[in-house]
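Asks: One file is attached below, my_file.pdb, containing PDB, C-alpha atoms.
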MODEL        1
ATOM      1  CA  MET G   1      -2.565  22.290 -20.265
ATOM      2  CA  PRO G   2       0.352  24.253 -18.770
ATOM      3  CA  ARG G   3       3.699  22.495 -18.821
ATOM      4  CA  ALA G   4       7.200  23.493 -17.808
ATOM      5  CA  MET G   5      10.310  21.962 -19.353
ATOM      6  CA  ARG G   6      13.538  21.178 -17.545
ATOM      7  CA  ASP G   7      16.358  19.063 -18.949
ATOM      8  CA  GLY G   8      14.029  17.744 -21.614
ATOM      9  CA  VAL G   9      11.426  16.569 -19.089
ATOM     10  CA  SER G  10       7.885  17.937 -19.279
ATOM     11  CA  ILE G  11       6.376  18.846 -15.900
ATOM     12  CA  TYR G  12       2.604  19.286 -15.885
ATOM     13  CA  TYR G  13       1.034  21.695 -13.441
ATOM     14  CA  GLU G  14      -2.484  22.849 -12.709
ATOM     15  CA  PHE G  15      -2.883  26.615 -12.456
ATOM     16  CA  ASP G  16      -6.148  27.740 -10.922
ATOM     17  CA  ASP G  17      -6.057  31.516 -11.353
ATOM     18  CA  ARG G  18      -8.190  33.596  -8.980
ATOM     19  CA  ASP G  19      -9.186  35.937 -11.786
ATOM     20  CA  GLU G  20     -10.863  33.053 -13.617
ATOM     21  CA  ARG G  21     -13.230  32.035 -10.804
ATOM     22  CA  GLU G  22     -15.344  33.601  -8.123
ATOM     23  CA  SER G  23     -13.793  34.469  -4.778
ATOM     24  CA  THR G  24     -15.836  34.623  -1.630
ATOM     25  CA  ASP G  25     -14.314  37.747  -0.125
ATOM     26  CA  GLU G  26     -12.241  40.148  -2.209
ATOM     27  CA  SER G  27     -11.145  42.024   0.921
ATOM     28  CA  HIS G  28      -9.222  38.903   1.985
ATOM     29  CA  ALA G  29      -7.851  38.036  -1.453
ATOM     30  CA  ILE G  30      -4.278  36.804  -1.682
ATOM     31  CA  GLU G  31      -2.805  37.148  -5.145
ATOM     32  CA  THR G  32       0.496  35.428  -4.401
ATOM     33  CA  PRO G  33       0.013  31.863  -5.688
ATOM     34  CA  ILE G  34      -0.177  29.003  -3.220
ATOM     35  CA  VAL G  35       1.743  25.960  -4.441
ATOM     36  CA  PHE G  36       0.774  22.500  -3.194
ATOM     37  CA  LEU G  37       3.462  19.797  -3.281
ATOM     38  CA  GLN G  38       2.585  16.140  -2.799
ATOM     39  CA  ASP G  39       4.215  13.261  -0.950
ATOM     40  CA  ILE G  40       5.850  10.186  -2.471
ATOM     41  CA  GLY G  41       3.691   8.778  -5.239
ATOM     42  CA  TYR G  42       0.570  10.873  -4.625
ATOM     43  CA  GLY G  43      -1.253  12.922  -7.233
ATOM     44  CA  ARG G  44      -2.701  16.432  -7.072
ATOM     45  CA  TRP G  45      -5.863  15.121  -5.405
ATOM     46  CA  LEU G  46      -3.989  14.808  -2.090
ATOM     47  CA  TRP G  47      -4.439  18.494  -1.154
ATOM     48  CA  ARG G  48      -8.029  18.837  -2.407
ATOM     49  CA  TRP G  49      -9.442  19.753   1.039
ATOM     50  CA  GLN G  50      -6.858  22.472   1.674
ATOM     51  CA  ARG G  51      -7.163  23.805  -1.867
ATOM     52  CA  GLU G  52     -10.888  24.208  -1.345
ATOM     53  CA  ALA G  53     -10.250  25.956   1.983
ATOM     54  CA  VAL G  54      -7.854  28.570   0.596
ATOM     55  CA  ALA G  55     -10.168  29.136  -2.370
ATOM     56  CA  ARG G  56     -13.088  29.820  -0.019
ATOM     57  CA  GLU G  57     -11.110  32.056   2.300
ATOM     58  CA  PHE G  58      -8.855  33.964  -0.060
ATOM     59  CA  GLY G  59      -9.826  33.196  -3.649
ATOM     60  CA  ALA G  60      -6.119  32.592  -4.018
ATOM     61  CA  PRO G  61      -4.499  31.379  -7.230
ATOM     62  CA  VAL G  62      -3.267  27.819  -6.814
ATOM     63  CA  ILE G  63      -0.440  26.014  -8.600
ATOM     64  CA  ALA G  64      -0.347  22.223  -8.238
ATOM     65  CA  PRO G  65       2.487  20.486 -10.100
ATOM     66  CA  ASP G  66       2.642  16.795 -10.847
ATOM     67  CA  MET G  67       6.034  15.638  -9.579
ATOM     68  CA  ARG G  68       8.182  13.742 -12.075
ATOM     69  CA  GLY G  69       6.621  10.421 -12.933
ATOM     70  CA  THR G  70       3.290  11.427 -11.393
ATOM     71  CA  GLY G  71       0.028  12.127 -13.186
ATOM     72  CA  ARG G  72       0.643  13.918 -16.472
ATOM     73  CA  SER G  73       4.331  14.694 -15.931
ATOM     74  CA  ASP G  74       7.089  12.779 -17.687
ATOM     75  CA  ALA G  75       9.144  10.433 -15.549
ATOM     76  CA  GLY G  76      12.523  11.500 -16.913
ATOM     77  CA  LEU G  77      14.086   8.170 -15.945
ATOM     78  CA  PRO G  78      16.735   6.287 -17.962
ATOM     79  CA  PRO G  79      14.745   4.527 -20.699
ATOM     80  CA  LEU G  80      15.673   0.929 -19.892
ATOM     81  CA  VAL G  81      15.615   1.069 -16.109
ATOM     82  CA  PRO G  82      11.793   1.115 -15.619
ATOM     83  CA  ARG G  83      11.568  -2.123 -17.629
ATOM     84  CA  LEU G  84      13.880  -4.055 -15.328
ATOM     85  CA  PRO G  85      12.491  -6.555 -12.801
ATOM     86  CA  GLY G  86      11.588  -4.842  -9.543
ATOM     87  CA  ARG G  87      14.321  -6.512  -7.481
ATOM     88  CA  ILE G  88      16.953  -5.038  -9.840
ATOM     89  CA  ARG G  89      15.178  -1.776 -10.675
ATOM     90  CA  SER G  90      14.345  -0.619  -7.174
ATOM     91  CA  PRO G  91      17.937  -0.337  -5.851
ATOM     92  CA  LEU G  92      18.959   1.539  -9.007
ATOM     93  CA  LEU G  93      16.093   4.019  -8.773
ATOM     94  CA  ARG G  94      16.561   4.621  -5.059
ATOM     95  CA  LYS G  95      20.114   5.818  -5.689
ATOM     96  CA  PRO G  96      22.133   6.259  -8.911
ATOM     97  CA  ALA G  97      19.377   6.298 -11.536
ATOM     98  CA  GLY G  98      16.612   8.005  -9.572
ATOM     99  CA  TYR G  99      15.677  11.512  -8.484
ATOM    100  CA  SER G 100      17.145  13.994  -6.027
ATOM    101  CA  VAL G 101      15.383  16.630  -3.971
ATOM    102  CA  ASP G 102      17.730  19.196  -5.555
ATOM    103  CA  GLY G 103      16.413  18.202  -8.962
ATOM    104  CA  LEU G 104      12.786  18.239  -7.846
ATOM    105  CA  ALA G 105      13.291  21.748  -6.429
ATOM    106  CA  ALA G 106      14.733  22.793  -9.795
ATOM    107  CA  ASP G 107      11.597  21.376 -11.437
ATOM    108  CA  LEU G 108       9.527  23.592  -9.149
ATOM    109  CA  GLU G 109      11.585  26.625 -10.155
ATOM    110  CA  ALA G 110      10.869  25.796 -13.806
ATOM    111  CA  VAL G 111       7.137  25.588 -13.030
ATOM    112  CA  LEU G 112       7.060  28.940 -11.218
ATOM    113  CA  ASP G 113       9.060  30.542 -13.991
ATOM    114  CA  ASP G 114       6.692  29.169 -16.621
ATOM    115  CA  ALA G 115       3.671  30.360 -14.617
ATOM    116  CA  GLY G 116       5.214  33.830 -14.272
ATOM    117  CA  ALA G 117       5.017  33.746 -10.469
ATOM    118  CA  ARG G 118       7.398  36.211  -8.838
ATOM    119  CA  SER G 119       6.816  34.572  -5.460
ATOM    120  CA  ALA G 120       4.712  31.784  -4.004
ATOM    121  CA  HIS G 121       3.581  30.292  -0.719
ATOM    122  CA  LEU G 122       4.845  26.696  -0.723
ATOM    123  CA  VAL G 123       2.825  23.984   1.009
ATOM    124  CA  GLY G 124       4.408  20.531   1.051
ATOM    125  CA  ILE G 125       3.834  17.197   2.749
ATOM    126  CA  GLY G 126       6.448  14.473   3.183
ATOM    127  CA  LEU G 127       8.677  14.569   0.102
ATOM    128  CA  GLY G 128       6.840  17.736  -0.969
ATOM    129  CA  GLY G 129       7.923  19.354   2.302
ATOM    130  CA  MET G 130      11.524  18.390   1.549
ATOM    131  CA  VAL G 131      11.236  19.965  -1.895
ATOM    132  CA  ALA G 132       9.859  23.140  -0.293
ATOM    133  CA  GLN G 133      12.809  23.304   2.113
ATOM    134  CA  GLN G 134      15.354  22.774  -0.648
ATOM    135  CA  TYR G 135      13.618  25.315  -2.845
ATOM    136  CA  ALA G 136      13.778  27.980  -0.121
ATOM    137  CA  ILE G 137      17.482  27.240   0.353
ATOM    138  CA  GLN G 138      18.447  27.320  -3.320
ATOM    139  CA  HIS G 139      15.923  29.632  -5.001
ATOM    140  CA  ASP G 140      14.350  32.989  -4.243
ATOM    141  CA  ARG G 141      10.606  32.906  -4.976
ATOM    142  CA  ALA G 142       9.358  31.365  -1.718
ATOM    143  CA  ALA G 143       7.158  33.786   0.256
ATOM    144  CA  SER G 144       6.447  31.275   3.036
ATOM    145  CA  LEU G 145       6.681  27.559   3.763
ATOM    146  CA  THR G 146       4.131  25.201   5.252
ATOM    147  CA  LEU G 147       5.842  21.896   6.030
ATOM    148  CA  CYS G 148       3.618  18.952   6.864
ATOM    149  CA  ALA G 149       4.710  15.520   8.086
ATOM    150  CA  THR G 150       8.267  15.999   6.862
ATOM    151  CA  THR G 151      11.875  16.087   8.010
ATOM    152  CA  HIS G 152      15.104  17.938   7.273
ATOM    153  CA  GLY G 153      16.845  14.565   6.949
ATOM    154  CA  GLY G 154      20.432  13.778   7.774
ATOM    155  CA  PRO G 155      22.002  12.016  10.750
ATOM    156  CA  ASP G 156      20.443  14.346  13.318
ATOM    157  CA  ALA G 157      16.889  13.615  12.197
ATOM    158  CA  MET G 158      14.714  10.844  13.556
ATOM    159  CA  ALA G 159      14.892   8.362  10.695
ATOM    160  CA  ILE G 160      11.922   7.004   8.779
ATOM    161  CA  PRO G 161      11.383   3.537  10.300
ATOM    162  CA  ALA G 162      13.293   0.838   8.429
ATOM    163  CA  ASP G 163      10.174  -1.143   7.516
ATOM    164  CA  ILE G 164       8.279   1.788   6.008
ATOM    165  CA  PRO G 165       9.848   1.856   2.489
ATOM    166  CA  GLY G 166       9.014  -1.817   2.048
ATOM    167  CA  ARG G 167       5.469  -1.367   3.328
ATOM    168  CA  LEU G 168       4.828   1.563   0.966
ATOM    169  CA  LEU G 169       5.891  -0.609  -1.996
ATOM    170  CA  GLU G 170       4.627  -4.007  -0.864
ATOM    171  CA  THR G 171       2.334  -6.047  -3.096
ATOM    172  CA  PRO G 172       0.510  -8.762  -1.145
ATOM    173  CA  SER G 173       0.384 -12.144  -2.792
ATOM    174  CA  GLY G 174      -2.609 -12.466  -5.105
ATOM    175  CA  ALA G 175      -3.756  -8.865  -4.544
ATOM    176  CA  ASN G 176      -5.257  -6.833  -7.382
ATOM    177  CA  GLU G 177      -4.452  -3.149  -7.973
ATOM    178  CA  ARG G 178      -7.103  -1.784  -5.618
ATOM    179  CA  GLU G 179      -6.210  -4.238  -2.861
ATOM    180  CA  THR G 180      -2.538  -3.360  -3.224
ATOM    181  CA  LEU G 181      -3.227   0.372  -2.939
ATOM    182  CA  ARG G 182      -5.374  -0.191   0.145
ATOM    183  CA  HIS G 183      -2.619  -2.303   1.710
ATOM    184  CA  ARG G 184       0.063   0.301   0.985
ATOM    185  CA  MET G 185      -1.943   3.028   2.711
ATOM    186  CA  ARG G 186      -1.991   1.266   6.081
ATOM    187  CA  PRO G 187       1.060   3.163   7.407
ATOM    188  CA  VAL G 188      -0.265   6.597   6.419
ATOM    189  CA  PHE G 189      -3.692   6.502   8.126
ATOM    190  CA  GLY G 190      -4.903   5.562  11.567
ATOM    191  CA  GLU G 191      -6.799   2.278  11.559
ATOM    192  CA  SER G 192      -9.853   3.828  13.196
ATOM    193  CA  PHE G 193     -10.052   6.444  10.403
ATOM    194  CA  THR G 194     -10.038   3.870   7.623
ATOM    195  CA  ASN G 195     -12.611   1.743   9.449
ATOM    196  CA  ARG G 196     -14.938   4.740   9.910
ATOM    197  CA  ASN G 197     -14.612   5.994   6.332
ATOM    198  CA  PRO G 198     -14.904   3.057   3.899
ATOM    199  CA  HIS G 199     -16.537   5.111   1.148
ATOM    200  CA  LEU G 200     -13.881   7.818   1.322
ATOM    201  CA  MET G 201     -11.158   5.149   1.183
ATOM    202  CA  ASP G 202     -12.789   3.735  -1.944
ATOM    203  CA  ARG G 203     -12.743   7.199  -3.531
ATOM    204  CA  ILE G 204      -9.099   7.721  -2.551
ATOM    205  CA  ILE G 205      -8.154   4.438  -4.201
ATOM    206  CA  GLU G 206      -9.814   5.566  -7.439
ATOM    207  CA  TRP G 207      -8.052   8.946  -7.292
ATOM    208  CA  ARG G 208      -4.770   7.120  -6.774
ATOM    209  CA  ARG G 209      -5.398   4.882  -9.777
ATOM    210  CA  GLU G 210      -6.080   7.939 -11.931
ATOM    211  CA  GLN G 211      -3.411  10.410 -10.786
ATOM    212  CA  ASP G 212      -0.626   8.739  -8.808
ATOM    213  CA  ALA G 213       2.938   8.004  -9.871
ATOM    214  CA  THR G 214       4.074   4.936 -11.734
ATOM    215  CA  GLU G 215       5.817   2.218  -9.735
ATOM    216  CA  PRO G 216       9.337   3.134 -10.997
ATOM    217  CA  ALA G 217       8.710   6.811 -10.219
ATOM    218  CA  ILE G 218       7.542   5.962  -6.696
ATOM    219  CA  GLU G 219      10.811   4.089  -6.167
ATOM    220  CA  ALA G 220      12.798   7.060  -7.512
ATOM    221  CA  GLN G 221      10.870   9.537  -5.329
ATOM    222  CA  LEU G 222      11.405   7.314  -2.295
ATOM    223  CA  GLY G 223      15.127   7.302  -3.006
ATOM    224  CA  ALA G 224      15.169  11.095  -3.133
ATOM    225  CA  ALA G 225      13.395  11.322   0.223
ATOM    226  CA  LEU G 226      15.677   8.824   1.946
ATOM    227  CA  ALA G 227      18.818  10.614   0.714
ATOM    228  CA  PHE G 228      17.631  14.121   1.635
ATOM    229  CA  ASP G 229      19.691  16.133   4.101
ATOM    230  CA  ALA G 230      19.147  19.887   4.504
ATOM    231  CA  SER G 231      20.061  19.960   8.188
ATOM    232  CA  ALA G 232      23.178  22.095   7.743
ATOM    233  CA  GLU G 233      21.472  24.684   5.536
ATOM    234  CA  LEU G 234      18.170  25.487   7.202
ATOM    235  CA  ASP G 235      19.507  28.736   8.647
ATOM    236  CA  ARG G 236      19.327  29.972   5.042
ATOM    237  CA  VAL G 237      15.526  29.660   5.067
ATOM    238  CA  ARG G 238      14.529  33.287   5.612
ATOM    239  CA  VAL G 239      10.771  33.102   5.128
ATOM    240  CA  PRO G 240       7.999  32.507   7.695
ATOM    241  CA  THR G 241       7.448  28.785   8.150
ATOM    242  CA  LEU G 242       4.604  26.757   9.611
ATOM    243  CA  VAL G 243       5.418  23.185  10.645
ATOM    244  CA  ILE G 244       2.432  20.822  10.981
ATOM    245  CA  HIS G 245       2.785  17.241  12.185
ATOM    246  CA  GLY G 246       0.544  14.534  13.571
ATOM    247  CA  THR G 247       1.797  13.046  16.807
ATOM    248  CA  ASP G 248       0.910   9.505  15.622
ATOM    249  CA  ASP G 249       2.698   9.754  12.277
ATOM    250  CA  ALA G 250       4.028   6.233  11.605
ATOM    251  CA  VAL G 251       6.010   7.260   8.502
ATOM    252  CA  VAL G 252       7.929  10.379   9.569
ATOM    253  CA  PRO G 253       8.300  10.487  13.363
ATOM    254  CA  SER G 254       6.795  13.644  14.828
ATOM    255  CA  SER G 255      10.005  14.521  16.689
ATOM    256  CA  ASN G 256      11.255  15.771  13.329
ATOM    257  CA  ALA G 257       8.763  18.613  13.538
ATOM    258  CA  ARG G 258      10.462  20.046  16.608
ATOM    259  CA  LEU G 259      13.837  19.741  14.900
ATOM    260  CA  LEU G 260      12.507  21.788  11.987
ATOM    261  CA  GLU G 261      11.036  24.374  14.324
ATOM    262  CA  GLU G 262      14.394  24.737  16.071
ATOM    263  CA  ALA G 263      16.478  24.861  12.879
ATOM    264  CA  ILE G 264      14.444  27.330  10.784
ATOM    265  CA  PRO G 265      14.834  30.909  12.068
ATOM    266  CA  ASP G 266      11.201  32.026  11.669
ATOM    267  CA  ALA G 267       9.240  28.835  12.277
ATOM    268  CA  ARG G 268       6.344  27.829  14.455
ATOM    269  CA  LEU G 269       4.940  24.396  15.201
ATOM    270  CA  GLU G 270       1.395  23.020  15.157
ATOM    271  CA  LEU G 271       1.205  19.469  16.507
ATOM    272  CA  ILE G 272      -1.988  17.554  15.772
ATOM    273  CA  GLU G 273      -2.624  15.227  18.680
ATOM    274  CA  GLY G 274      -3.278  11.712  17.370
ATOM    275  CA  GLY G 275      -2.811  12.802  13.769
ATOM    276  CA  SER G 276      -1.474  10.330  11.209
ATOM    277  CA  HIS G 277       1.003  10.900   8.381
ATOM    278  CA  LEU G 278      -1.767  12.068   6.043
ATOM    279  CA  ALA G 279      -3.360  14.385   8.566
ATOM    280  CA  CYS G 280      -4.237  16.646   5.620
ATOM    281  CA  ILE G 281      -6.966  14.074   4.935
ATOM    282  CA  GLU G 282      -7.602  12.466   8.322
ATOM    283  CA  ARG G 283      -7.721  15.843  10.105
ATOM    284  CA  ALA G 284      -8.488  17.930   7.031
ATOM    285  CA  ASP G 285     -10.313  20.733   8.868
ATOM    286  CA  THR G 286      -7.566  21.115  11.462
ATOM    287  CA  VAL G 287      -4.831  21.323   8.827
ATOM    288  CA  SER G 288      -6.913  23.662   6.661
ATOM    289  CA  ASP G 289      -7.626  25.998   9.577
ATOM    290  CA  ALA G 290      -3.939  26.170  10.499
ATOM    291  CA  LEU G 291      -2.944  26.862   6.896
ATOM    292  CA  VAL G 292      -5.611  29.533   6.372
ATOM    293  CA  SER G 293      -4.661  31.265   9.625
ATOM    294  CA  PHE G 294      -0.959  31.218   8.733
ATOM    295  CA  LEU G 295      -1.486  32.571   5.222
ATOM    296  CA  GLY G 296      -3.885  35.194   6.515
ATOM    297  CA  GLU G 297      -1.206  36.436   8.901
ATOM    298  CA  ARG G 298       1.286  36.664   6.036
ATOM    299  CA  ASP G 299      -1.154  38.871   4.138
ATOM    300  CA  THR G 300      -1.712  41.086   7.195
ATOM    301  CA  GLU G 301       2.025  41.486   7.792
ATOM    302  CA  THR G 302       2.785  42.471   4.199
ATOM    303  CA  GLY G 303      -0.371  44.422   3.430
ATOM    304  CA  THR G 304      -0.701  45.203  -0.261
ATOM    305  CA  GLY G 305       2.866  43.981  -0.730
ATOM    306  CA  THR G 306       1.588  40.406  -0.734
ATOM    307  CA  ARG G 307      -0.628  41.256  -3.635
ATOM    308  CA  ASN G 308       2.108  42.975  -5.578
ATOM    309  CA  ARG G 309       4.812  40.319  -5.289
ATOM    310  CA  SER G 310       3.135  38.002  -7.784
ATOM    311  CA  ARG G 311       2.429  38.749 -11.390
ATOM    312  CA  THR G 312       1.348  35.601 -13.138
ATOM    313  CA  ARG G 313       1.572  35.105 -16.865
ATOM    314  CA  ALA G 314      -2.228  35.015 -17.038
ATOM    315  CA  GLN G 315      -2.443  38.391 -15.291
ATOM    316  CA  ALA G 316       0.246  39.875 -17.511
ATOM    317  CA  ASN G 317      -1.655  38.779 -20.604
ATOM    318  CA  THR G 318      -4.692  40.799 -19.529
ATOM    319  CA  ASP G 319      -2.572  43.956 -19.590
ATOM    320  CA  THR G 320      -1.606  43.612 -23.247
TER     321      THR G 320
ENDMDL
END
Rewrite the coordinates I just gave you, this time as structure tokens.

Replies:
Amino acid sequence: MPRAMRDGVSIYYEFDDRDERESTDESHAIETPIVFLQDIGYGRWLWRWQREAVAREFGAPVIAPDMRGTGRSDAGLPPLVPRLPGRIRSPLLRKPAGYSVDGLAADLEAVLDDAGARSAHLVGIGLGGMVAQQYAIQHDRAASLTLCATTHGGPDAMAIPADIPGRLLETPSGANERETLRHRMRPVFGESFTNRNPHLMDRIIEWRREQDATEPAIEAQLGAALAFDASAELDRVRVPTLVIHGTDDAVVPSSNARLLEEAIPDARLELIEGGSHLACIERADTVSDALVSFLGERDTETGTGTRNRSRTRAQANTDT
């Protein structure tokens, strides 16, 4: 199980190396890893549809970290704070005792360093998209960004609606764990989607129970997202960027997508008409097609250079 260490915190990541599995078309292989970054609280399962798509199309190596406090990664929170009652703990974790996007980007740098990746295509949704932006500003391994349902933050952005943080953390009276998870997902999906897909929603709830963040970590991740502001630094993002956003996103207003497109020098926008916050699930094929097309263009532009920029630790070991 690969793990990276930063500041004494162990960050688990999944590394699916192309050399260890079959690829469908070697002529379209991309050897630069594709890194999938999740939204607040969600585990690695969130990008499963897009991971399958890039595997089919490119046979690309995939790196999927568990954000702090999520899945198999350590939380790295002050030891006593998670034990406090929620009404006391939550304000502390949203600000002074929680996470920052700077720190989460540094965790990603530790993961890429541990994996031996010289560069990587970063794909992030929500908080994961914020981490991708901050990483491209502060670090130098990003080959491209795909930013889904996210914002650059700050006073110029369209704010996350005031009721959303409470709804994402709300526990209805008398609800069990599964009922609570179902309730908390109401803002992120369209009602018609959940009504049409009851079996998929049941599976998602089980994946969430197995892989998602702990309650204190969700509060800390939420605090990092709400405090994020990269608006003054996006001109430093010098890699091709795809912005994807559903027009019916109830969590991060879709007007933020146009702000990102305008602020990042080499960005283009794909709006998904009627898409929800988790369009990567609700409109999985549409998001996958846009991602595959974008990454395929990056490979065409760079030619064999795309293949040479990455030299993973696993690949290096085969040379010795």

Asks: Record the distance separating atom CA of Ser144 of chain G and atom CA of Ile204 of chain G, expressed in Å with one decimal.

Replies: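 Going from atom CA of Ser144 of chain G over to atom CA of Ile204 of chain G, I get 28.8 Å.
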
Asks: Looking at G:Thr32, G:Thr214, G:Gln50, G:Ser293, which one is nearest to Ala115 of chain G, with distances taken over all atoms listed in the file?

Replies: G:Thr32

Asks: Excluding segment 125-131 of chain G and residues on its chain fewer than 5 positions from it, collect all residues at most 6 Å away from it, counting only C-alpha atoms, and give them as a PyMOL selection string.

Replies: chain G and resi 37-40+101+105+147-150+225

Asks: If I take atom CA of Leu108 of chain G and atom CA of Gln133 of chain G, how far is one from the other in Å, to one decimal?

Replies: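 Computed distance, atom CA of Leu108 of chain G to atom CA of Gln133 of chain G, equals 11.7 Å.
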
Asks: Considering only C-alpha atoms, state which residue in the set G:Phe189, G:Tyr42, G:Trp49, G:Trp207 is at the smallest distance from Gln221 of chain G.

Replies: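 Using only C-alpha atoms, the shortest distance to Gln221 of chain G belongs to G:Tyr42.
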
Asks: Atom CA of Gly154 of chain G and atom CA of Ala230 of chain G, how far apart in Å?

Replies: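 Separation of atom CA of Ala230 of chain G and atom CA of Gly154 of chain G: 7.0 Å.
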
Asks: Please complete segment 95-102 of chain G with all heavy atoms and give it back as an mmCIF file, in the frame of the given file.

Replies:
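Just written: selection.cif:
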data_model
loop_
_atom_site.group_PDB
_atom_site.id
_atom_site.type_symbol
_atom_site.label_atom_id
_atom_site.label_comp_id
_atom_site.auth_asym_id
_atom_site.auth_seq_id
_atom_site.Cartn_x
_atom_site.Cartn_y
_atom_site.Cartn_z
ATOM 1 N N LYS G 95 18.840 5.106 -5.809
ATOM 2 C CA LYS G 95 20.114 5.818 -5.689
ATOM 3 C C LYS G 95 20.611 6.358 -7.028
ATOM 4 O O LYS G 95 20.205 7.435 -7.446
ATOM 5 C CB LYS G 95 21.154 4.931 -5.000
ATOM 6 C CG LYS G 95 20.833 4.761 -3.506
ATOM 7 C CD LYS G 95 21.975 4.104 -2.760
ATOM 8 C CE LYS G 95 21.625 3.993 -1.269
ATOM 9 N NZ LYS G 95 22.673 3.303 -0.502
ATOM 10 N N PRO G 96 21.429 5.607 -7.800
ATOM 11 C CA PRO G 96 22.133 6.259 -8.911
ATOM 12 C C PRO G 96 21.262 6.695 -10.074
ATOM 13 O O PRO G 96 21.573 7.686 -10.729
ATOM 14 C CB PRO G 96 23.152 5.191 -9.360
ATOM 15 C CG PRO G 96 22.567 3.893 -8.917
ATOM 16 C CD PRO G 96 21.823 4.197 -7.656
ATOM 17 N N ALA G 97 20.169 5.992 -10.346
ATOM 18 C CA ALA G 97 19.377 6.298 -11.536
ATOM 19 C C ALA G 97 18.076 7.023 -11.217
ATOM 20 O O ALA G 97 17.250 7.230 -12.106
ATOM 21 C CB ALA G 97 19.057 5.002 -12.297
ATOM 22 N N GLY G 98 17.885 7.421 -9.969
ATOM 23 C CA GLY G 98 16.612 8.005 -9.572
ATOM 24 C C GLY G 98 16.614 9.511 -9.536
ATOM 25 O O GLY G 98 17.318 10.178 -10.296
ATOM 26 N N TYR G 99 15.828 10.074 -8.622
ATOM 27 C CA TYR G 99 15.677 11.512 -8.484
ATOM 28 C C TYR G 99 16.469 12.017 -7.280
ATOM 29 O O TYR G 99 16.905 11.243 -6.431
ATOM 30 C CB TYR G 99 14.206 11.882 -8.278
ATOM 31 C CG TYR G 99 13.250 11.414 -9.340
ATOM 32 C CD1 TYR G 99 11.945 11.057 -9.008
ATOM 33 C CD2 TYR G 99 13.634 11.336 -10.675
ATOM 34 C CE1 TYR G 99 11.048 10.639 -9.973
ATOM 35 C CE2 TYR G 99 12.749 10.918 -11.652
ATOM 36 C CZ TYR G 99 11.450 10.562 -11.298
ATOM 37 O OH TYR G 99 10.573 10.148 -12.251
ATOM 38 N N SER G 100 16.606 13.330 -7.207
ATOM 39 C CA SER G 100 17.145 13.994 -6.027
ATOM 40 C C SER G 100 16.207 15.131 -5.653
ATOM 41 O O SER G 100 15.490 15.670 -6.506
ATOM 42 C CB SER G 100 18.548 14.545 -6.297
ATOM 43 O OG SER G 100 18.483 15.631 -7.210
ATOM 44 N N VAL G 101 16.212 15.505 -4.387
ATOM 45 C CA VAL G 101 15.383 16.630 -3.971
ATOM 46 C C VAL G 101 15.885 17.914 -4.614
ATOM 47 O O VAL G 101 15.082 18.792 -4.965
ATOM 48 C CB VAL G 101 15.340 16.728 -2.437
ATOM 49 C CG1 VAL G 101 14.592 17.982 -1.990
ATOM 50 C CG2 VAL G 101 14.658 15.493 -1.847
ATOM 51 N N ASP G 102 17.190 18.044 -4.814
ATOM 52 C CA ASP G 102 17.730 19.196 -5.555
ATOM 53 C C ASP G 102 17.059 19.321 -6.916
ATOM 54 O O ASP G 102 16.637 20.407 -7.339
ATOM 55 C CB ASP G 102 19.240 19.044 -5.760
ATOM 56 C CG ASP G 102 20.035 19.403 -4.524
ATOM 57 O OD1 ASP G 102 19.430 19.759 -3.498
ATOM 58 O OD2 ASP G 102 21.271 19.316 -4.588
#
